[in-house]
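Visitor: Got a file for you: work_16.cif, mmCIF, C-alpha atoms.
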```cif
data_protein
loop_
_atom_site.label_atom_id
_atom_site.label_comp_id
_atom_site.auth_asym_id
_atom_site.auth_seq_id
_atom_site.Cartn_x
_atom_site.Cartn_y
_atom_site.Cartn_z
CA VAL A 66 -6.75 12.81 16.58
CA LYS A 67 -4.86 10.60 19.02
CA ALA A 68 -6.16 7.04 19.34
CA LEU A 69 -6.07 4.30 21.91
CA ASN A 70 -3.61 2.12 20.02
CA SER A 71 -0.85 4.30 21.44
CA TYR A 72 -1.49 2.41 24.70
CA ASN A 73 1.03 -0.44 24.64
CA ASN A 74 0.08 -3.20 27.06
CA ASN A 75 0.44 -6.91 26.24
CA LEU A 76 0.02 -9.26 29.16
CA PHE A 77 -1.26 -12.73 29.93
CA PHE A 78 -1.17 -15.00 32.96
CA ILE A 79 -0.21 -18.70 32.92
CA PRO A 80 -1.78 -20.38 35.98
CA ASP A 81 0.28 -23.59 35.86
CA LEU A 82 3.52 -21.58 35.92
CA ASN A 83 2.10 -18.83 38.16
CA ILE A 84 3.73 -16.12 36.03
CA THR A 85 2.58 -13.09 34.10
CA LEU A 86 4.26 -12.49 30.74
CA GLY A 87 4.43 -9.39 28.58
CA SER A 88 4.93 -5.71 29.35
CA PHE A 89 3.07 -2.66 30.63
CA GLU A 90 2.71 0.78 29.03
CA ASN A 91 4.54 2.14 32.07
CA GLN A 92 7.84 0.26 32.04
CA LYS A 93 8.39 0.62 35.79
CA PHE A 94 5.54 -1.86 36.35
CA ASN A 95 7.54 -4.57 34.57
CA LYS A 96 9.87 -5.04 37.56
CA ASP A 97 9.50 -8.56 39.01
CA LEU A 98 6.59 -9.18 36.65
CA ASN A 99 7.34 -12.89 36.31
CA SER A 100 7.29 -13.49 40.04
CA ILE A 101 4.15 -11.66 41.19
CA THR A 102 0.70 -13.15 41.77
CA LEU A 103 -2.27 -12.85 39.42
CA ASP A 104 -4.03 -10.51 41.86
CA LYS A 105 -1.01 -8.24 41.94
CA SER A 106 -0.84 -8.27 38.14
CA LEU A 107 -4.48 -7.19 37.88
CA GLU A 108 -3.82 -4.42 40.38
CA LYS A 109 -0.91 -3.18 38.27
CA ILE A 110 -3.02 -3.28 35.09
CA LEU A 111 -5.54 -0.89 36.64
CA GLN A 112 -2.74 1.40 37.83
CA ASP A 113 -1.11 1.29 34.41
CA GLU A 114 -4.33 2.20 32.60
CA ASP A 115 -5.09 5.00 35.04
CA ASN A 116 -1.59 6.41 34.61
CA PHE A 117 -1.96 6.33 30.82
CA PHE A 118 -5.18 8.35 30.78
CA LYS A 119 -3.78 10.95 33.16
CA LYS A 120 -0.64 11.64 31.11
CA ASP A 121 -2.45 14.05 28.77
CA PHE A 122 -4.54 16.60 30.64
CA LEU A 123 -6.59 17.19 27.47
CA ASN A 124 -7.42 13.48 27.47
CA VAL A 125 -8.32 13.21 23.78
CA TYR A 126 -7.91 9.43 23.77
CA GLY A 127 -10.83 7.17 23.12
CA LYS A 128 -11.68 4.95 26.08
CA ASP A 129 -13.66 2.16 24.44
CA PHE A 130 -11.73 -0.88 23.26
CA ASN A 131 -12.08 -4.62 22.84
CA ASN A 132 -9.53 -7.22 21.98
CA THR A 133 -9.48 -10.87 20.97
CA LEU A 134 -6.37 -12.88 21.72
CA LYS A 135 -6.07 -16.38 20.29
CA ILE A 136 -3.44 -19.05 19.83
CA THR A 137 -2.90 -19.53 16.11
CA TYR A 138 -0.02 -22.00 15.94
CA ILE A 139 1.90 -24.30 18.31
CA THR A 140 5.27 -25.98 17.80
CA LYS A 141 7.36 -28.02 20.24
CA ASP A 142 8.83 -24.97 21.94
CA MET A 143 6.77 -22.02 20.65
CA MET A 144 3.19 -20.75 20.94
CA PHE A 145 2.12 -18.11 18.41
CA PHE A 146 -0.64 -15.61 19.20
CA ASP A 147 -2.77 -13.21 17.21
CA ASN A 148 -4.23 -10.11 18.88
CA PHE A 149 -7.09 -8.15 17.27
CA VAL A 150 -8.04 -4.84 18.90
CA SER A 151 -10.86 -2.44 18.09
CA TYR A 152 -10.77 0.97 19.74
CA SER A 153 -12.48 4.34 19.70
CA TYR A 154 -11.28 7.74 18.56
CA SER A 155 -12.43 10.67 20.62
CA PHE A 156 -15.03 12.64 18.63
CA ALA A 157 -14.88 10.19 15.71
CA ALA A 158 -17.91 8.77 13.92
CA HIS A 159 -16.73 5.17 14.10
CA PRO A 160 -14.10 3.03 15.84
CA SER A 161 -10.91 1.73 14.28
CA PHE A 162 -8.82 -1.41 14.77
CA TYR A 163 -5.42 -2.98 14.45
CA GLU A 164 -3.95 -6.46 14.55
CA SER A 165 -0.64 -7.65 15.95
CA GLY A 166 1.09 -10.90 16.73
CA PHE A 167 3.67 -12.31 19.09
CA ALA A 168 5.05 -15.63 20.26
CA LEU A 169 5.81 -17.22 23.60
CA ASP A 170 9.13 -19.03 23.73
CA LEU A 171 8.29 -21.91 26.07
CA LYS A 172 11.92 -22.69 26.87
CA ASN A 173 12.89 -19.34 28.34
CA LYS A 174 9.35 -17.99 28.96
CA LYS A 175 9.94 -14.86 26.89
CA ILE A 176 7.64 -12.92 24.58
CA LYS A 177 8.91 -12.39 21.03
CA THR A 178 7.61 -10.05 18.33
CA TYR A 179 8.66 -10.07 14.68
CA ILE A 180 9.04 -8.01 11.55
CA LEU A 181 9.23 -9.75 8.19
CA LYS A 182 13.02 -9.61 7.82
CA ASP A 183 13.35 -11.67 11.02
CA LEU A 184 11.69 -14.59 9.24
CA VAL A 185 12.69 -14.59 5.55
CA LYS A 186 15.85 -14.61 3.47
CA ASN A 187 15.96 -11.39 1.48
CA ASN A 188 17.15 -12.65 -1.90
CA ILE A 189 16.15 -11.98 -5.51
CA ALA A 190 13.68 -14.86 -5.63
CA PHE A 191 11.89 -13.66 -2.50
CA LYS A 192 11.68 -10.08 -3.78
CA LYS A 193 10.17 -11.35 -7.02
CA LEU A 194 7.61 -13.47 -5.17
CA ILE A 195 6.46 -10.84 -2.70
CA THR A 196 6.30 -8.14 -5.38
CA LYS A 197 4.09 -10.35 -7.56
CA LYS A 198 1.82 -11.22 -4.62
CA LEU A 199 1.40 -7.61 -3.49
CA LYS A 200 0.84 -6.33 -7.02
CA ASN A 201 -1.91 -8.89 -7.55
CA TYR A 202 -3.40 -8.12 -4.13
CA PHE A 203 -3.73 -4.40 -4.82
CA GLU A 204 -4.98 -4.90 -8.37
CA ILE A 205 -7.76 -7.20 -7.15
CA HIS A 206 -8.85 -4.42 -4.79
CA LYS A 207 -8.50 -1.79 -7.54
CA ARG A 208 -5.73 0.10 -5.75
CA TYR A 209 -3.70 0.69 -8.88
CA ASP A 210 -1.90 3.58 -7.16
CA LEU A 211 -0.21 1.00 -4.93
CA ALA A 212 0.06 -1.97 -7.30
CA ASN A 213 3.20 -0.77 -9.06
CA LEU A 214 5.20 0.44 -6.07
CA ASP A 215 8.69 -0.71 -5.25
CA PHE A 216 7.71 -2.49 -2.03
CA PHE A 217 11.25 -2.32 -0.69
CA LYS A 218 11.83 1.42 -1.15
CA ASN A 219 9.27 4.05 -2.15
CA ASN A 220 7.88 7.52 -1.42
CA TYR A 221 5.65 6.18 1.33
CA ASN A 222 8.72 5.37 3.45
CA PHE A 223 7.55 1.78 3.25
CA ASN A 224 9.72 -1.33 3.19
CA ILE A 225 7.87 -4.65 3.33
CA LEU A 226 10.75 -6.21 5.27
CA GLU A 227 10.25 -3.76 8.13
CA GLN A 228 6.55 -4.48 8.67
CA ASP A 229 5.05 -6.25 11.67
CA VAL A 230 3.81 -9.79 11.11
CA SER A 231 1.37 -12.18 12.79
CA PHE A 232 1.31 -15.97 12.50
CA LYS A 233 -2.04 -17.30 11.28
CA GLU A 234 -3.23 -20.90 11.07
CA ASP A 235 -1.87 -21.47 7.54
CA SER A 236 -0.26 -18.18 6.54
CA LEU A 237 1.73 -15.18 7.65
CA TYR A 238 -0.14 -11.89 7.98
CA ILE A 239 1.95 -8.82 7.02
CA ASN A 240 0.71 -5.46 8.29
CA LEU A 241 0.32 -2.91 5.45
CA ARG A 242 -1.14 -0.16 7.63
CA ILE A 243 1.54 2.41 6.79
CA LEU A 244 0.42 2.44 3.13
CA LEU A 245 -3.28 3.01 3.79
CA ALA A 246 -5.59 5.79 4.86
CA GLU A 247 -8.30 5.07 7.42
CA VAL A 248 -10.87 4.32 4.71
CA GLY A 249 -8.63 1.57 3.32
CA ARG A 250 -8.31 -0.44 6.50
CA ASN A 251 -9.77 -3.57 4.93
CA LEU A 252 -6.51 -3.92 2.97
CA ASP A 253 -4.39 -4.23 6.11
CA PHE A 254 -4.88 -7.98 6.07
CA PHE A 255 -2.34 -9.17 3.52
CA LYS A 256 -1.54 -12.85 3.98
CA ILE A 257 0.95 -15.14 2.29
CA SER A 258 0.93 -18.89 2.80
CA TYR A 259 3.61 -20.75 4.73
CA LYS A 260 3.95 -23.02 1.71
CA ASP A 261 4.98 -20.05 -0.46
CA LEU A 262 7.41 -18.85 2.20
CA LYS A 263 9.03 -22.21 2.89
CA PRO A 264 11.95 -21.76 0.42
CA PHE A 265 12.86 -18.45 2.10
CA ALA A 266 12.16 -19.26 5.76
CA LYS A 267 14.66 -18.48 8.48
CA GLY A 268 14.53 -18.07 12.25
CA ASP A 269 11.33 -19.14 13.97
CA LEU A 270 9.45 -19.44 10.68
CA VAL A 271 11.49 -22.57 9.97
CA LYS A 272 9.80 -24.26 12.94
CA ILE A 273 6.46 -23.91 11.13
CA THR A 274 7.46 -24.50 7.51
CA ASN A 275 9.33 -27.72 8.41
CA ASN A 276 5.90 -29.27 9.00
CA ILE A 277 4.66 -28.31 5.52
CA LYS A 278 5.11 -30.70 2.61
#
```
Could you express the structure from this file as structure tokens?

Guide:
Amino acid sequence: VKALNSYNNNLFFIPDLNITLGSFENQKFNKDLNSITLDKSLEKILQDEDNFFKKDFLNVYGKDFNNTLKITYITKDMMFFDNFVSYSYSFAAHPSFYESGFALDLKNKKIKTYILKDLVKNNIAFKKLITKKLKNYFEIHKRYDLANLDFFKNNYNFNILEQDVSFKEDSLYINLRILLAEVGRNLDFFKISYKDLKPFAKGDLVKITNNIK
């Protein structure tokens, strides 16, 4: 059954700069986004949502959702955000959820999203570390069917380097959703500390790990 997380809308307004950042589900609404007023942005959000629900005349999407957006880390020129969303399935017995992350580059006022390979050096030492961490993680949760996978190439079409990440207060969250059925959602939240990642950091992760002793 289709679910509401197919609705892709990430926006927030910065009063001091009088700009709206992010993107709408309907890309045509992104035109001049950074130069319109807050009232106009809110108007476009309602239009965007309405357009989304009208796209499918069967309208099997759930319409109940909540999200929590919080700042999780700040550096000199970056602000990192975590976004947790719970949403309904039409005709389902219970809601579901997902988590995503992004950053605001304060210099050019752009939104950035990441997958793991954007942030780490993919060398033998890193592969050994992440394999050990994931194996232990799945064994603790008694998912022995997943504990011995090759996490860089396997029958699940899963590569850890291609997974979305979110920046937490003291660790990086790597999304494992593609490996799990709905009943295993509690295992989505795999985290690895910035301290462990420091030897392999590249890109914007360096800006965080440089502060770790």

Visitor: What would the selection look like, as a list of chain:residue names, if the PyMOL selection byres ((chain A and resi 110) around 10) were run on the coordinates I just shared?

Guide: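 Against this file, the PyMOL selection byres ((chain A and resi 110) around 10) returns the residues A:Asn74, A:Leu76, A:Phe89, A:Glu90, A:Asn91, A:Phe94, A:Asp104, A:Lys105, A:Ser106, A:Leu107, A:Glu108, A:Lys109, A:Leu111, A:Gln112, A:Asp113, A:Glu114, A:Asp115, A:Asn116.
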
Visitor: Name the residues in contact with Lys192 (chain A) at a cut-off of 10 Å, using all atoms listed in the file, excluding same-chain residues fewer than 2 positions from it; report them as an MDAnalysis selection string.

Guide: chainID A and resid 186:190 194:198 215:217 225:226

Visitor: Quote the spacing between CA of Leu134 (chain A) and CA of Thr102 (chain A) in Å to one decimal place.

Guide: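 Atom-to-atom, CA of Leu134 (chain A) to CA of Thr102 (chain A), that is 21.3 Å.
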
Visitor: Nearest residue to Thr140 (chain A) out of A:Asp261, A:Glu204, A:Glu164, A:Glu234, using only C-alpha atoms?

Guide: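 Smallest separation from Thr140 (chain A) among the options: A:Glu234.
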
Visitor: Between A:Phe255, A:Phe117, A:Phe145, A:Phe265, which has the minimum distance to Asn201 (chain A) (counting all atoms listed in the file)?

Guide: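 So, comparing all the options, the nearest one is A:Phe255.
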
Visitor: Dump region 233-247 of chain A with N, CA and C atoms to a file, as a tab-separated table (two decimals), in the first residue's frame.

Guide:
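Once everything was written out, this is decode.tsv:
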```
chain	number	residue	atom	x	y	z
A	233	LYS	N	23.73	13.09	14.30
A	233	LYS	CA	23.19	13.17	15.66
A	233	LYS	C	24.14	14.01	16.53
A	234	GLU	N	23.81	14.09	17.82
A	234	GLU	CA	24.62	14.90	18.72
A	234	GLU	C	26.05	14.38	18.85
A	235	ASP	N	26.22	13.05	18.93
A	235	ASP	CA	27.55	12.48	19.11
A	235	ASP	C	27.86	11.33	18.16
A	236	SER	N	26.99	11.12	17.18
A	236	SER	CA	27.17	9.98	16.29
A	236	SER	C	26.45	10.19	14.98
A	237	LEU	N	26.80	9.37	14.02
A	237	LEU	CA	26.18	9.40	12.71
A	237	LEU	C	25.15	8.27	12.64
A	238	TYR	N	23.94	8.61	12.26
A	238	TYR	CA	22.89	7.61	12.09
A	238	TYR	C	22.87	7.18	10.62
A	239	ILE	N	22.95	5.86	10.37
A	239	ILE	CA	22.92	5.32	9.02
A	239	ILE	C	21.60	4.56	8.84
A	240	ASN	N	20.85	4.90	7.83
A	240	ASN	CA	19.54	4.32	7.60
A	240	ASN	C	19.66	2.91	7.01
A	241	LEU	N	19.13	1.91	7.72
A	241	LEU	CA	19.18	0.51	7.28
A	241	LEU	C	17.83	0.03	6.75
A	242	ARG	N	16.95	0.95	6.44
A	242	ARG	CA	15.57	0.59	6.10
A	242	ARG	C	15.47	-0.46	5.00
A	243	ILE	N	16.33	-0.39	4.01
A	243	ILE	CA	16.22	-1.27	2.84
A	243	ILE	C	16.39	-2.74	3.22
A	244	LEU	N	17.03	-3.01	4.36
A	244	LEU	CA	17.25	-4.40	4.78
A	244	LEU	C	16.09	-4.97	5.58
A	245	LEU	N	15.14	-4.15	6.00
A	245	LEU	CA	14.20	-4.57	7.03
A	245	LEU	C	12.76	-4.56	6.55
A	246	ALA	N	11.98	-5.52	7.03
A	246	ALA	CA	10.54	-5.50	6.82
A	246	ALA	C	9.92	-4.53	7.81
A	247	GLU	N	8.62	-4.26	7.63
A	247	GLU	CA	7.96	-3.29	8.49
A	247	GLU	C	8.05	-3.66	9.97
```
